[in-house]
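Q: Once you've had a glance at the structure underneath, I'll fire off some questions.
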Amino acid sequence: MNHEGPGCGRVRMGDLRRLLKPRTIAVIGGGTWCANVIRECRKIGFAGEVWPVHPTRDEIDGLSAYRSVEALPSPPDASFIGINREATIEVMRRLSRTGAGGAICFASGFREADAELGDGGDMQKALLEAAGEMRVLGPNCYGLLDLLDGVALWPDQHGARRTGRGVAVITQSSNMALNLTMQTRGLPFAYVVAGGNQAQTDQAEIGTVLLEDERVTALGLHVEGVGDVRRFETMARTAQSLGKPIVALKVGVSEQAQAATVSHTASLAGSATGARALLARLGIGQAESLPVFLETLKLLHVAGPLASNRIASMSCSGGEASLVADTALSTGLEFPPLSEMQRAGLAKVLGPKVALANPLDYHTYIWRDGPALTACFTAMMQGDLALGVVILDMPHADRCDPTEWDSVLEAVETTRKATRVPMAIVSTLPENMPEDVSDRLVANGVVPLAGIPEALAAIDTAAQLGRPRPEAPPLLIPGPDGPSRVIAEAEAKSALAAHGLDVPKGAHAASPEEAVKAAEQIGFPLVLKGKGMAHKTEAGAIALDLHDPAAVDLEARRMKTDGYLVEEMVAGAVAELLVGVIADPAHGFVLTLGAGGTMTEILDDVTSLLLPVTEDDVLVALDRLRIAPVLSGYRGADAADCSGIASAVLAVQDYVVANAEVVLEVEVNPLIATSTRAVAADALIRLRDER
């Protein structure tokens, strides 16, 4: 397994599995954090040997201590280094020389603190050089919990429980990892790993190894920044081949969040748009909040990705049925109308007084009647449905008799077995799904979901993950960043036209007289533009729909410019579009496609993909825009030549591919879409300045 870490040359890395699944653990340091690691190893039932290391102490937390790394009985599979950053580097070097498997670097003050300390980057580089081929998690991280085999390289308390099967979660934030272990939602964790700075070993490499464990059902990533795009692609391919879904909670959308993540873990966050496009391209589900992240993982653990977005909802309250229907409007979920078979089965159980619909309010007529509830739910779950949802809030167990609710739980469990369609019980309030009830439902193959908005968002993501998708080709990776130069409109259009982009017929002119001559050769109507201005409309350096030489002469003399571009006027515009490509060093080349022209910022109607794309990718992206009805021919108007739009996008892509090492930005705005063509009315290119 090759790995090229920041600040170091390419070296042959050791097997990461030895660190993640150790049989011997060295705990280096004598503080409270190190004593806690020993305590947590004992508490979780670690079956191997734990060796404290301290230069002066004879024992730590009841275990005999060794004076040095070299004095250990054998090279440890894993080590927890709980000492200051300067001493950590020397210990890392000695561990590597002995042939140790890997180490958790707990200390902070490395690259994440560069702005404050000024030497964090140098310290992190020295740490990696000291580690050599030995695997490292961190620095600035808690470590890992293996809840399957009983390993706790963890310096604090945690709330996770041993399990035989569960989801793996990897986060860059140790405190986030700690908080996740305290959840009471019934989600079984197989692994919890804190990656810290990811100086050598990143989330994607860890995730790939954990996915290969047959006891892991799904993978959750709390992502601050993507370290190596190629390893992310490998992880996604591994997940797809194993049929195991991945869900990500990506932070760093706001400027404040990006500043916090970069200062906290020295991650290269890149653009939020690029990150979302990367995750979507790789088939990774995206959660917008931590509760949705956990609920989605729980759904995937129990039921896996859903076969479709078609669901049925059942509750004993019209208010709950309406709440479900209204909340689902912000998702892509569907509540199919009831079939005759469903209606007949429901009417037989519920009688004539219940209005039959999906979502269903089955009233309280059959409350406490287990057979009737089962018959109702089973009748509802006939047909092409991916999931059945029953709304149920559990009572205070210490103040009420919860056995009255047991009939609903049993009916849902029986329905799932009888219909073989996944079933979920959803509480309207998150706190009304107790952990013991969640545990029971998970054990019986029913998904316990806490909170209607969180539940429906989780179901929507699981449905998206269940859609068949071809494997995406490898991403196009930009060259290094650096000083740039801008290629102005005329030259940019010429460069793009050489790759197939349709551009207006035009000519250059140095004076008003030359502009008039060029206009007469091109033909009317036409457009006159002043050269050397990025925002021509604001500068008054563009004149449209000129029909005669006198108009050209008048407008040319009005403009304050050193030269002119005279172009044909593209008639019959259905819509104006923006086609932009930005080199995002963290994620690849981000293609933005959306409403363009002078209304770009106001409409804010864009979608983003990562290069390379296909014609089908572009057509699907166009359908996602709010202006899609306009492109399709709104209210009998002409439809845009969407195939021509796709060809224009692919021409821009061809240019970027041919110049990937130097391209930083390409923008075509507007791309005028007519019923027969798509023409680049304006363009610019920004390249890395190699001079």
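Residue numbers start at 1 in each chain; chains themselves are named A, B, ... in the order of the structure tokens; ligands are numbered from 1 in the order shown.
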Fewer than 4 positions away in the same chain doesn't count, so skip those; otherwise give me all residues within 7 Å of segment 274-279 of chain A, counting only C-alpha atoms, as a PDB file with N, CA, C and O atoms, in the first residue's frame.
A:
ATOM      1  N   GLY A 270     -11.280  23.148   0.742  1.00  0.00           N
ATOM      2  CA  GLY A 270     -11.730  23.381  -0.615  1.00  0.00           C
ATOM      3  C   GLY A 270     -13.079  24.088  -0.610  1.00  0.00           C
ATOM      4  O   GLY A 270     -13.536  24.587   0.410  1.00  0.00           O
ATOM      5  N   GLY A 283     -21.383   8.737  -5.261  1.00  0.00           N
ATOM      6  CA  GLY A 283     -22.501   7.965  -4.725  1.00  0.00           C
ATOM      7  C   GLY A 283     -22.546   7.947  -3.212  1.00  0.00           C
ATOM      8  O   GLY A 283     -23.051   6.993  -2.611  1.00  0.00           O
ATOM      9  N   ILE A 284     -22.028   8.990  -2.579  1.00  0.00           N
ATOM     10  CA  ILE A 284     -22.016   9.094  -1.121  1.00  0.00           C
ATOM     11  C   ILE A 284     -23.188   9.968  -0.686  1.00  0.00           C
ATOM     12  O   ILE A 284     -23.338  11.099  -1.155  1.00  0.00           O
ATOM     13  N   ASP A 584     -10.606  23.414  -8.392  1.00  0.00           N
ATOM     14  CA  ASP A 584     -10.679  23.304  -6.932  1.00  0.00           C
ATOM     15  C   ASP A 584      -9.602  22.315  -6.501  1.00  0.00           C
ATOM     16  O   ASP A 584      -9.725  21.114  -6.748  1.00  0.00           O
ATOM     17  N   HIS A 587     -10.810  19.059  -4.761  1.00  0.00           N
ATOM     18  CA  HIS A 587     -11.833  18.157  -5.289  1.00  0.00           C
ATOM     19  C   HIS A 587     -11.758  17.914  -6.786  1.00  0.00           C
ATOM     20  O   HIS A 587     -12.386  16.984  -7.287  1.00  0.00           O
ATOM     21  N   VAL A 590     -14.505  21.861 -10.909  1.00  0.00           N
ATOM     22  CA  VAL A 590     -15.933  21.990 -10.613  1.00  0.00           C
ATOM     23  C   VAL A 590     -16.613  22.699 -11.764  1.00  0.00           C
ATOM     24  O   VAL A 590     -16.284  23.846 -12.098  1.00  0.00           O
ATOM     25  N   SER A 608     -23.921  21.936  -9.820  1.00  0.00           N
ATOM     26  CA  SER A 608     -22.482  21.720 -10.026  1.00  0.00           C
ATOM     27  C   SER A 608     -22.160  20.242 -10.171  1.00  0.00           C
ATOM     28  O   SER A 608     -22.770  19.385  -9.512  1.00  0.00           O
ATOM     29  N   LEU A 609     -21.188  19.959 -11.031  1.00  0.00           N
ATOM     30  CA  LEU A 609     -20.674  18.617 -11.276  1.00  0.00           C
ATOM     31  C   LEU A 609     -19.156  18.687 -11.275  1.00  0.00           C
ATOM     32  O   LEU A 609     -18.573  19.778 -11.303  1.00  0.00           O
ATOM     33  N   LEU A 610     -18.527  17.532 -11.254  1.00  0.00           N
ATOM     34  CA  LEU A 610     -17.080  17.465 -11.381  1.00  0.00           C
ATOM     35  C   LEU A 610     -16.714  16.846 -12.726  1.00  0.00           C
ATOM     36  O   LEU A 610     -17.357  15.897 -13.181  1.00  0.00           O
TER      37      LEU A 610
END
Q: Neighbouring residues of Asp361 of chain A were defined as those with any atom within 12 Å, considering only C-alpha atoms; residues of the same chain fewer than 4 positions away were excluded. Please report them as a list in words.
A: Ala312, Ser313, Met314, Ser315, Cys316, Ser317, Gly318, Gly319, Glu320, Ala321, Ser322, Leu323, Val324, Ala325, Leu346, Leu350, Lys353, Val354, Ala355, Leu356, Ala357, Tyr365, Ile366, Cys376, Phe377, Met380, Val390 and Ile391 of chain A
Q: Could you write out the selected residues, including N, CA, C and O atoms, as a compact mmCIF listing (two decimals), in the first residue's frame?
A:
# COMPACT_ATOMS: atom_id res chain seq x y z
N ALA A 312 -45.14 4.30 2.41
CA ALA A 312 -46.48 4.39 2.99
C ALA A 312 -46.33 4.84 4.43
O ALA A 312 -45.40 4.43 5.14
N SER A 313 -47.24 5.71 4.87
CA SER A 313 -47.21 6.20 6.25
C SER A 313 -48.53 5.90 6.93
O SER A 313 -49.60 6.07 6.33
N MET A 314 -48.45 5.46 8.18
CA MET A 314 -49.64 5.10 8.97
C MET A 314 -49.54 5.70 10.36
O MET A 314 -48.48 5.66 10.99
N SER A 315 -50.64 6.27 10.83
CA SER A 315 -50.70 6.81 12.19
C SER A 315 -52.14 6.81 12.65
O SER A 315 -53.06 6.67 11.85
N CYS A 316 -52.35 6.97 13.95
CA CYS A 316 -53.71 6.98 14.48
C CYS A 316 -54.21 8.40 14.69
O CYS A 316 -55.11 8.65 15.50
N SER A 317 -53.60 9.36 13.97
CA SER A 317 -53.96 10.76 14.14
C SER A 317 -53.90 11.46 12.80
O SER A 317 -52.92 11.33 12.05
N GLY A 318 -54.95 12.23 12.49
CA GLY A 318 -54.94 13.03 11.28
C GLY A 318 -53.88 14.11 11.32
O GLY A 318 -53.29 14.47 10.29
N GLY A 319 -53.62 14.63 12.51
CA GLY A 319 -52.58 15.64 12.65
C GLY A 319 -51.22 15.09 12.29
O GLY A 319 -50.42 15.76 11.61
N GLU A 320 -50.94 13.87 12.74
CA GLU A 320 -49.65 13.25 12.41
C GLU A 320 -49.55 12.95 10.92
O GLU A 320 -48.50 13.15 10.30
N ALA A 321 -50.64 12.47 10.33
CA ALA A 321 -50.64 12.17 8.89
C ALA A 321 -50.36 13.43 8.09
O ALA A 321 -49.57 13.42 7.12
N SER A 322 -50.98 14.55 8.48
CA SER A 322 -50.75 15.81 7.78
C SER A 322 -49.32 16.29 7.98
O SER A 322 -48.70 16.82 7.05
N LEU A 323 -48.79 16.13 9.19
CA LEU A 323 -47.42 16.56 9.47
C LEU A 323 -46.42 15.80 8.61
O LEU A 323 -45.47 16.38 8.08
N VAL A 324 -46.65 14.51 8.46
CA VAL A 324 -45.76 13.70 7.62
C VAL A 324 -45.84 14.18 6.17
O VAL A 324 -44.81 14.38 5.50
N ALA A 325 -47.05 14.37 5.67
CA ALA A 325 -47.22 14.79 4.27
C ALA A 325 -46.58 16.14 4.02
O ALA A 325 -45.90 16.36 3.01
N LEU A 346 -57.87 -2.54 3.74
CA LEU A 346 -58.03 -1.55 4.80
C LEU A 346 -59.50 -1.39 5.20
O LEU A 346 -59.82 -1.28 6.40
N LEU A 350 -60.91 -1.43 8.94
CA LEU A 350 -61.21 -0.14 9.55
C LEU A 350 -62.67 0.27 9.43
O LEU A 350 -63.12 1.17 10.16
N LYS A 353 -66.02 4.36 8.34
CA LYS A 353 -65.86 5.70 8.90
C LYS A 353 -64.46 6.29 8.71
O LYS A 353 -64.23 7.45 9.01
N VAL A 354 -63.53 5.49 8.24
CA VAL A 354 -62.15 5.94 8.08
C VAL A 354 -61.89 6.29 6.63
O VAL A 354 -62.11 5.47 5.73
N ALA A 355 -61.44 7.52 6.39
CA ALA A 355 -61.06 7.93 5.04
C ALA A 355 -59.73 7.29 4.68
O ALA A 355 -58.73 7.45 5.39
N LEU A 356 -59.73 6.56 3.59
CA LEU A 356 -58.55 5.80 3.20
C LEU A 356 -57.65 6.63 2.30
O LEU A 356 -58.09 7.13 1.26
N ALA A 357 -56.40 6.78 2.70
CA ALA A 357 -55.45 7.58 1.93
C ALA A 357 -54.04 7.21 2.38
O ALA A 357 -53.84 6.47 3.34
N TYR A 365 -59.71 3.36 16.52
CA TYR A 365 -60.67 2.26 16.65
C TYR A 365 -59.97 0.94 16.96
O TYR A 365 -60.53 0.08 17.65
N ILE A 366 -58.80 0.74 16.42
CA ILE A 366 -58.13 -0.56 16.56
C ILE A 366 -56.95 -0.49 17.54
O ILE A 366 -56.15 -1.43 17.60
N CYS A 376 -54.24 -4.18 9.43
CA CYS A 376 -54.23 -2.84 8.84
C CYS A 376 -52.88 -2.55 8.19
O CYS A 376 -52.82 -2.14 7.02
N PHE A 377 -51.80 -2.76 8.93
CA PHE A 377 -50.47 -2.46 8.40
C PHE A 377 -50.13 -3.36 7.22
O PHE A 377 -49.54 -2.91 6.22
N MET A 380 -51.92 -2.21 4.12
CA MET A 380 -51.31 -0.96 3.61
C MET A 380 -50.03 -1.24 2.84
O MET A 380 -49.69 -0.52 1.90
N VAL A 390 -44.65 3.79 10.42
CA VAL A 390 -45.72 3.88 11.42
C VAL A 390 -45.31 4.93 12.44
O VAL A 390 -44.22 4.85 13.04
N ILE A 391 -46.16 5.94 12.63
CA ILE A 391 -45.86 7.02 13.57
C ILE A 391 -46.29 6.58 14.97
O ILE A 391 -47.44 6.20 15.19
Q: Would you pick out the contacts of segment 570-573 of chain A at 12 Å or less, using only C-alpha atoms, so that residues sharing its chain but fewer than 6 positions from it are not included, and give the list as a PyMOL selection string?
A: chain A and resi 502-506+523-527+544-546+597+630-631+633+637-641+670-682
Q: If I take atom CA of Leu501 of chain A and atom CA of Val618 of chain A, how far is one from the other in Å, to one decimal?
A: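 According to the coordinates, atom CA of Leu501 of chain A and atom CA of Val618 of chain A are separated by 15.3 Å.
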Q: Could you check the closest approach to Ala458 of chain A for each of A:Thr403, A:Thr181, A:Thr296, A:Gln521 and tell me which residue wins, using only C-alpha atoms?
A: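 Between A:Thr403, A:Thr181, A:Thr296, A:Gln521, the residue approaching Ala458 of chain A most closely is A:Thr296.
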Q: Within 8 Å of segment 100-110 of chain A, counting only C-alpha atoms, which residues show up once you throw out same-chain ones fewer than 4 positions away? Write them as a ChimeraX atom specification, please.
A: /A:14-16,18-19,75-85,88,92,95-96,114,117,119-124,134-143,153
Q: Residues at most 12 Å from segment 444-446 of chain A, counting only C-alpha atoms, excluding those fewer than 3 positions away in the same chain, as a compact mmCIF listing (two decimals) with C-alpha atoms, in the first residue's frame?
A:
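What follows is the written file selection_34.txt:
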# COMPACT_ATOMS: atom_id res chain seq x y z
CA GLY A 186 -30.12 2.58 19.14
CA LYS A 298 -29.40 3.61 11.46
CA LEU A 299 -31.81 3.12 8.56
CA LEU A 300 -29.01 1.83 6.34
CA HIS A 301 -27.78 -0.51 9.08
CA VAL A 302 -31.20 -2.12 9.52
CA ALA A 303 -32.73 -1.96 6.04
CA GLY A 304 -29.94 -0.96 3.67
CA LEU A 387 -40.68 1.32 3.17
CA GLY A 388 -43.59 1.41 5.57
CA VAL A 389 -43.62 4.09 8.27
CA VAL A 390 -45.72 3.88 11.42
CA LEU A 409 -44.59 -2.58 18.05
CA GLU A 410 -45.56 -6.22 17.65
CA ALA A 411 -47.85 -5.47 14.70
CA VAL A 412 -45.07 -3.63 12.86
CA GLU A 413 -42.59 -6.43 13.53
CA THR A 414 -45.10 -9.03 12.26
CA THR A 415 -45.93 -6.95 9.18
CA ARG A 416 -42.28 -6.70 8.20
CA LYS A 417 -41.87 -10.47 8.37
CA ARG A 420 -40.82 -8.65 3.53
CA VAL A 421 -40.94 -4.89 3.02
CA PRO A 422 -38.75 -2.79 5.34
CA MET A 423 -40.65 -1.13 8.17
CA ALA A 424 -39.86 1.82 10.41
CA ILE A 425 -41.42 3.28 13.53
CA VAL A 426 -41.03 7.07 13.66
CA VAL A 437 -37.32 0.47 22.41
CA SER A 438 -34.82 1.30 19.67
CA ASP A 439 -32.68 -1.65 20.70
CA ARG A 440 -35.67 -3.97 20.55
CA LEU A 441 -36.75 -2.76 17.12
CA LEU A 449 -36.36 6.72 13.69
Q: Would you please give, as a list in words, all residues of segment 521-579 of chain A that DSSP assigns to strand (DSSP E or B) based on the backbone?
A: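 Filtering segment 521-579 of chain A down to strand (DSSP E or B) leaves Leu526, Val527, Leu528, Lys529, Gly530, Ile542, Ala543, Leu544, Asp545, Leu546, Tyr564, Leu565, Val566, Glu567, Glu568, Ala575, Glu576, Leu577, Leu578 and Val579 of chain A.
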Q: Output all heavy atoms for every residue in that selection, as a compact mmCIF listing (two decimals), in the first residue's frame.
A:
# COMPACT_ATOMS: atom_id res chain seq x y z
N LEU A 526 -26.21 43.41 -35.02
CA LEU A 526 -24.97 42.96 -34.40
C LEU A 526 -24.79 43.60 -33.03
O LEU A 526 -25.60 44.42 -32.58
CB LEU A 526 -23.77 43.24 -35.31
CG LEU A 526 -23.57 44.64 -35.90
CD1 LEU A 526 -23.07 45.61 -34.87
CD2 LEU A 526 -22.57 44.56 -37.05
N VAL A 527 -23.70 43.19 -32.38
CA VAL A 527 -23.35 43.66 -31.04
C VAL A 527 -21.99 44.33 -31.12
O VAL A 527 -21.08 43.84 -31.79
CB VAL A 527 -23.28 42.48 -30.04
CG1 VAL A 527 -22.88 42.97 -28.65
CG2 VAL A 527 -24.60 41.75 -29.98
N LEU A 528 -21.84 45.44 -30.40
CA LEU A 528 -20.56 46.14 -30.31
C LEU A 528 -20.10 46.12 -28.86
O LEU A 528 -20.87 46.49 -27.96
CB LEU A 528 -20.71 47.58 -30.80
CG LEU A 528 -19.42 48.42 -30.78
CD1 LEU A 528 -18.43 47.91 -31.84
CD2 LEU A 528 -19.74 49.90 -31.01
N LYS A 529 -18.85 45.71 -28.64
CA LYS A 529 -18.31 45.61 -27.29
C LYS A 529 -16.99 46.35 -27.19
O LYS A 529 -16.17 46.30 -28.13
CB LYS A 529 -18.08 44.15 -26.88
CG LYS A 529 -19.31 43.27 -26.93
CD LYS A 529 -18.96 41.83 -26.59
CE LYS A 529 -20.17 40.92 -26.69
NZ LYS A 529 -19.82 39.50 -26.40
N GLY A 530 -16.77 47.02 -26.06
CA GLY A 530 -15.48 47.61 -25.78
C GLY A 530 -14.54 46.57 -25.22
O GLY A 530 -14.94 45.70 -24.45
N ILE A 542 -21.10 47.90 -23.88
CA ILE A 542 -21.74 46.93 -24.77
C ILE A 542 -23.01 47.55 -25.33
O ILE A 542 -23.76 48.24 -24.62
CB ILE A 542 -22.05 45.60 -24.03
CG1 ILE A 542 -22.66 44.59 -25.01
CG2 ILE A 542 -22.95 45.83 -22.83
CD1 ILE A 542 -22.76 43.18 -24.43
N ALA A 543 -23.21 47.37 -26.61
CA ALA A 543 -24.42 47.86 -27.28
C ALA A 543 -25.01 46.72 -28.09
O ALA A 543 -24.32 46.10 -28.90
CB ALA A 543 -24.09 49.04 -28.18
N LEU A 544 -26.28 46.45 -27.88
CA LEU A 544 -26.94 45.30 -28.49
C LEU A 544 -27.87 45.74 -29.63
O LEU A 544 -28.35 46.88 -29.67
CB LEU A 544 -27.75 44.55 -27.43
CG LEU A 544 -27.01 44.08 -26.18
CD1 LEU A 544 -27.98 43.48 -25.18
CD2 LEU A 544 -25.93 43.08 -26.55
N ASP A 545 -28.12 44.80 -30.52
CA ASP A 545 -29.17 44.94 -31.55
C ASP A 545 -28.99 46.19 -32.40
O ASP A 545 -29.93 46.97 -32.60
CB ASP A 545 -30.54 44.93 -30.86
CG ASP A 545 -31.65 44.50 -31.81
OD1 ASP A 545 -31.33 43.85 -32.82
OD2 ASP A 545 -32.83 44.82 -31.53
N LEU A 546 -27.77 46.38 -32.88
CA LEU A 546 -27.50 47.52 -33.77
C LEU A 546 -27.84 47.13 -35.21
O LEU A 546 -27.40 46.09 -35.70
CB LEU A 546 -26.03 47.92 -33.65
CG LEU A 546 -25.55 48.28 -32.23
CD1 LEU A 546 -24.08 48.66 -32.24
CD2 LEU A 546 -26.40 49.39 -31.63
N TYR A 564 -12.42 47.58 -30.10
CA TYR A 564 -13.78 47.09 -30.17
C TYR A 564 -13.80 45.64 -30.65
O TYR A 564 -12.91 45.19 -31.37
CB TYR A 564 -14.62 47.95 -31.14
CG TYR A 564 -14.56 49.42 -30.84
CD1 TYR A 564 -13.61 50.23 -31.45
CD2 TYR A 564 -15.46 50.00 -29.95
CE1 TYR A 564 -13.55 51.59 -31.19
CE2 TYR A 564 -15.40 51.37 -29.67
CZ TYR A 564 -14.45 52.15 -30.29
OH TYR A 564 -14.38 53.48 -30.00
N LEU A 565 -14.86 44.96 -30.24
CA LEU A 565 -15.18 43.64 -30.79
C LEU A 565 -16.57 43.75 -31.41
O LEU A 565 -17.55 44.10 -30.72
CB LEU A 565 -15.17 42.58 -29.68
CG LEU A 565 -15.47 41.14 -30.11
CD1 LEU A 565 -14.42 40.65 -31.11
CD2 LEU A 565 -15.51 40.21 -28.89
N VAL A 566 -16.64 43.48 -32.70
CA VAL A 566 -17.91 43.56 -33.42
C VAL A 566 -18.37 42.13 -33.72
O VAL A 566 -17.63 41.34 -34.31
CB VAL A 566 -17.73 44.34 -34.74
CG1 VAL A 566 -19.09 44.55 -35.41
CG2 VAL A 566 -17.04 45.66 -34.50
N GLU A 567 -19.60 41.81 -33.30
CA GLU A 567 -20.08 40.42 -33.43
C GLU A 567 -21.51 40.38 -33.93
O GLU A 567 -22.30 41.32 -33.71
CB GLU A 567 -20.03 39.69 -32.08
CG GLU A 567 -18.64 39.38 -31.59
CD GLU A 567 -18.68 38.54 -30.32
OE1 GLU A 567 -19.68 38.61 -29.58
OE2 GLU A 567 -17.70 37.82 -30.08
N GLU A 568 -21.84 39.25 -34.54
CA GLU A 568 -23.23 39.03 -34.94
C GLU A 568 -24.12 39.00 -33.70
O GLU A 568 -23.71 38.57 -32.62
CB GLU A 568 -23.37 37.71 -35.70
CG GLU A 568 -23.11 36.48 -34.84
CD GLU A 568 -23.52 35.18 -35.50
OE1 GLU A 568 -24.69 35.07 -35.93
OE2 GLU A 568 -22.67 34.26 -35.56
N ALA A 575 -33.08 31.07 -23.65
CA ALA A 575 -32.56 31.31 -22.30
C ALA A 575 -31.09 31.65 -22.41
O ALA A 575 -30.42 31.32 -23.39
CB ALA A 575 -32.75 30.07 -21.42
N GLU A 576 -30.60 32.32 -21.38
CA GLU A 576 -29.17 32.60 -21.26
C GLU A 576 -28.63 31.77 -20.10
O GLU A 576 -29.20 31.76 -19.01
CB GLU A 576 -28.92 34.08 -21.02
CG GLU A 576 -29.29 34.95 -22.20
CD GLU A 576 -28.88 36.41 -22.01
OE1 GLU A 576 -28.54 36.80 -20.87
OE2 GLU A 576 -28.88 37.16 -23.00
N LEU A 577 -27.52 31.09 -20.36
CA LEU A 577 -26.96 30.16 -19.37
C LEU A 577 -25.55 30.57 -18.98
O LEU A 577 -24.85 31.29 -19.72
CB LEU A 577 -26.94 28.74 -19.93
CG LEU A 577 -28.28 28.11 -20.29
CD1 LEU A 577 -28.07 26.77 -20.96
CD2 LEU A 577 -29.15 27.95 -19.05
N LEU A 578 -25.15 30.08 -17.84
CA LEU A 578 -23.77 30.20 -17.35
C LEU A 578 -23.12 28.83 -17.42
O LEU A 578 -23.69 27.84 -16.95
CB LEU A 578 -23.75 30.71 -15.91
CG LEU A 578 -22.46 30.48 -15.11
CD1 LEU A 578 -21.35 31.39 -15.62
CD2 LEU A 578 -22.69 30.72 -13.62
N VAL A 579 -21.94 28.76 -18.00
CA VAL A 579 -21.12 27.55 -17.96
C VAL A 579 -19.77 27.95 -17.40
O VAL A 579 -19.05 28.74 -18.02
CB VAL A 579 -20.95 26.92 -19.36
CG1 VAL A 579 -20.05 25.69 -19.27
CG2 VAL A 579 -22.29 26.56 -19.96
Q: Write out as an MDAnalysis selection string each polymer residue whose atoms come within 12 Å of Ser330 of chain A, counting only C-alpha atoms; drop sequence neighbours fewer than 3 positions from it.
A: chainID A and resid 324:327 333:334 453:454 456:457 460
Q: Wanna dump the segment 596-667 of chain A-segment 486-496 of chain A contacts at 9 Å for me, each residue with its shortest atom pair and the distance in Å to one decimal, counting only C-alpha atoms, ordered by chain and number, as a Markdown table?
A:
| residue | atom | partner | partner_atom | distance |
| --- | --- | --- | --- | --- |
| A:Ala651 | CA | A:Leu496 | CA | 7.0 |
| A:Val652 | CA | A:Leu496 | CA | 6.4 |
| A:Asp654 | CA | A:Leu496 | CA | 8.6 |
| A:Tyr655 | CA | A:Leu496 | CA | 6.3 |
| A:Val666 | CA | A:Ala492 | CA | 8.7 |
Q: Just the selected residues (all heavy atoms), exported as a PDB file, in the first residue's frame, please.
A:
ATOM      1  N   ALA A 651     -17.478  20.985 -25.103  1.00  0.00           N
ATOM      2  CA  ALA A 651     -16.386  21.712 -25.754  1.00  0.00           C
ATOM      3  C   ALA A 651     -15.528  22.426 -24.719  1.00  0.00           C
ATOM      4  O   ALA A 651     -14.287  22.419 -24.803  1.00  0.00           O
ATOM      5  CB  ALA A 651     -16.953  22.711 -26.757  1.00  0.00           C
ATOM      6  N   VAL A 652     -16.176  23.045 -23.746  1.00  0.00           N
ATOM      7  CA  VAL A 652     -15.428  23.678 -22.650  1.00  0.00           C
ATOM      8  C   VAL A 652     -14.617  22.625 -21.911  1.00  0.00           C
ATOM      9  O   VAL A 652     -13.443  22.839 -21.569  1.00  0.00           O
ATOM     10  CB  VAL A 652     -16.394  24.408 -21.694  1.00  0.00           C
ATOM     11  CG1 VAL A 652     -15.646  24.905 -20.457  1.00  0.00           C
ATOM     12  CG2 VAL A 652     -17.074  25.575 -22.398  1.00  0.00           C
ATOM     13  N   ASP A 654     -13.450  19.828 -23.111  1.00  0.00           N
ATOM     14  CA  ASP A 654     -12.318  19.413 -23.944  1.00  0.00           C
ATOM     15  C   ASP A 654     -11.157  20.386 -23.807  1.00  0.00           C
ATOM     16  O   ASP A 654      -9.984  19.980 -23.768  1.00  0.00           O
ATOM     17  CB  ASP A 654     -12.752  19.322 -25.411  1.00  0.00           C
ATOM     18  CG  ASP A 654     -13.620  18.100 -25.676  1.00  0.00           C
ATOM     19  OD1 ASP A 654     -13.670  17.208 -24.807  1.00  0.00           O
ATOM     20  OD2 ASP A 654     -14.268  18.060 -26.745  1.00  0.00           O
ATOM     21  N   TYR A 655     -11.474  21.672 -23.752  1.00  0.00           N
ATOM     22  CA  TYR A 655     -10.410  22.669 -23.578  1.00  0.00           C
ATOM     23  C   TYR A 655      -9.717  22.476 -22.229  1.00  0.00           C
ATOM     24  O   TYR A 655      -8.482  22.516 -22.141  1.00  0.00           O
ATOM     25  CB  TYR A 655     -10.978  24.090 -23.671  1.00  0.00           C
ATOM     26  CG  TYR A 655      -9.953  25.140 -23.301  1.00  0.00           C
ATOM     27  CD1 TYR A 655      -9.012  25.582 -24.226  1.00  0.00           C
ATOM     28  CD2 TYR A 655      -9.904  25.654 -22.011  1.00  0.00           C
ATOM     29  CE1 TYR A 655      -8.048  26.511 -23.879  1.00  0.00           C
ATOM     30  CE2 TYR A 655      -8.942  26.586 -21.654  1.00  0.00           C
ATOM     31  CZ  TYR A 655      -8.019  27.012 -22.590  1.00  0.00           C
ATOM     32  OH  TYR A 655      -7.059  27.924 -22.231  1.00  0.00           O
ATOM     33  N   VAL A 666     -12.542  28.813 -16.296  1.00  0.00           N
ATOM     34  CA  VAL A 666     -13.141  29.111 -17.592  1.00  0.00           C
ATOM     35  C   VAL A 666     -14.580  29.523 -17.330  1.00  0.00           C
ATOM     36  O   VAL A 666     -15.289  28.867 -16.565  1.00  0.00           O
ATOM     37  CB  VAL A 666     -13.123  27.888 -18.540  1.00  0.00           C
ATOM     38  CG1 VAL A 666     -13.816  28.234 -19.857  1.00  0.00           C
ATOM     39  CG2 VAL A 666     -11.706  27.409 -18.800  1.00  0.00           C
TER      40      VAL A 666
END
Q: Can you tell me how far atom CA of Ile602 of chain A sits from atom CA of Gly644 of chain A, in Å to one decimal?
A: 25.3 Å
Q: Would you mind listing what lies within 12 Å of Thr163 of chain A as a VMD selection string, with only C-alpha atoms counted and same-chain residues fewer than 2 positions away left out?
A: chain A and resid 44 145 to 151 160 to 161 165 to 168 186 to 191 215 to 216 439 443
Q: To test your reading of the structure, identify every residue in segment 401-648 of chain A that backbone DSSP assigns to helix (DSSP H, G or I), and report it as a PyMOL selection string.
A: chain A and resi 403-419+430-432+435-443+452-465+489-497+512-522+536-539+549-558+597-603+615-624+628-631+634-636+642-648
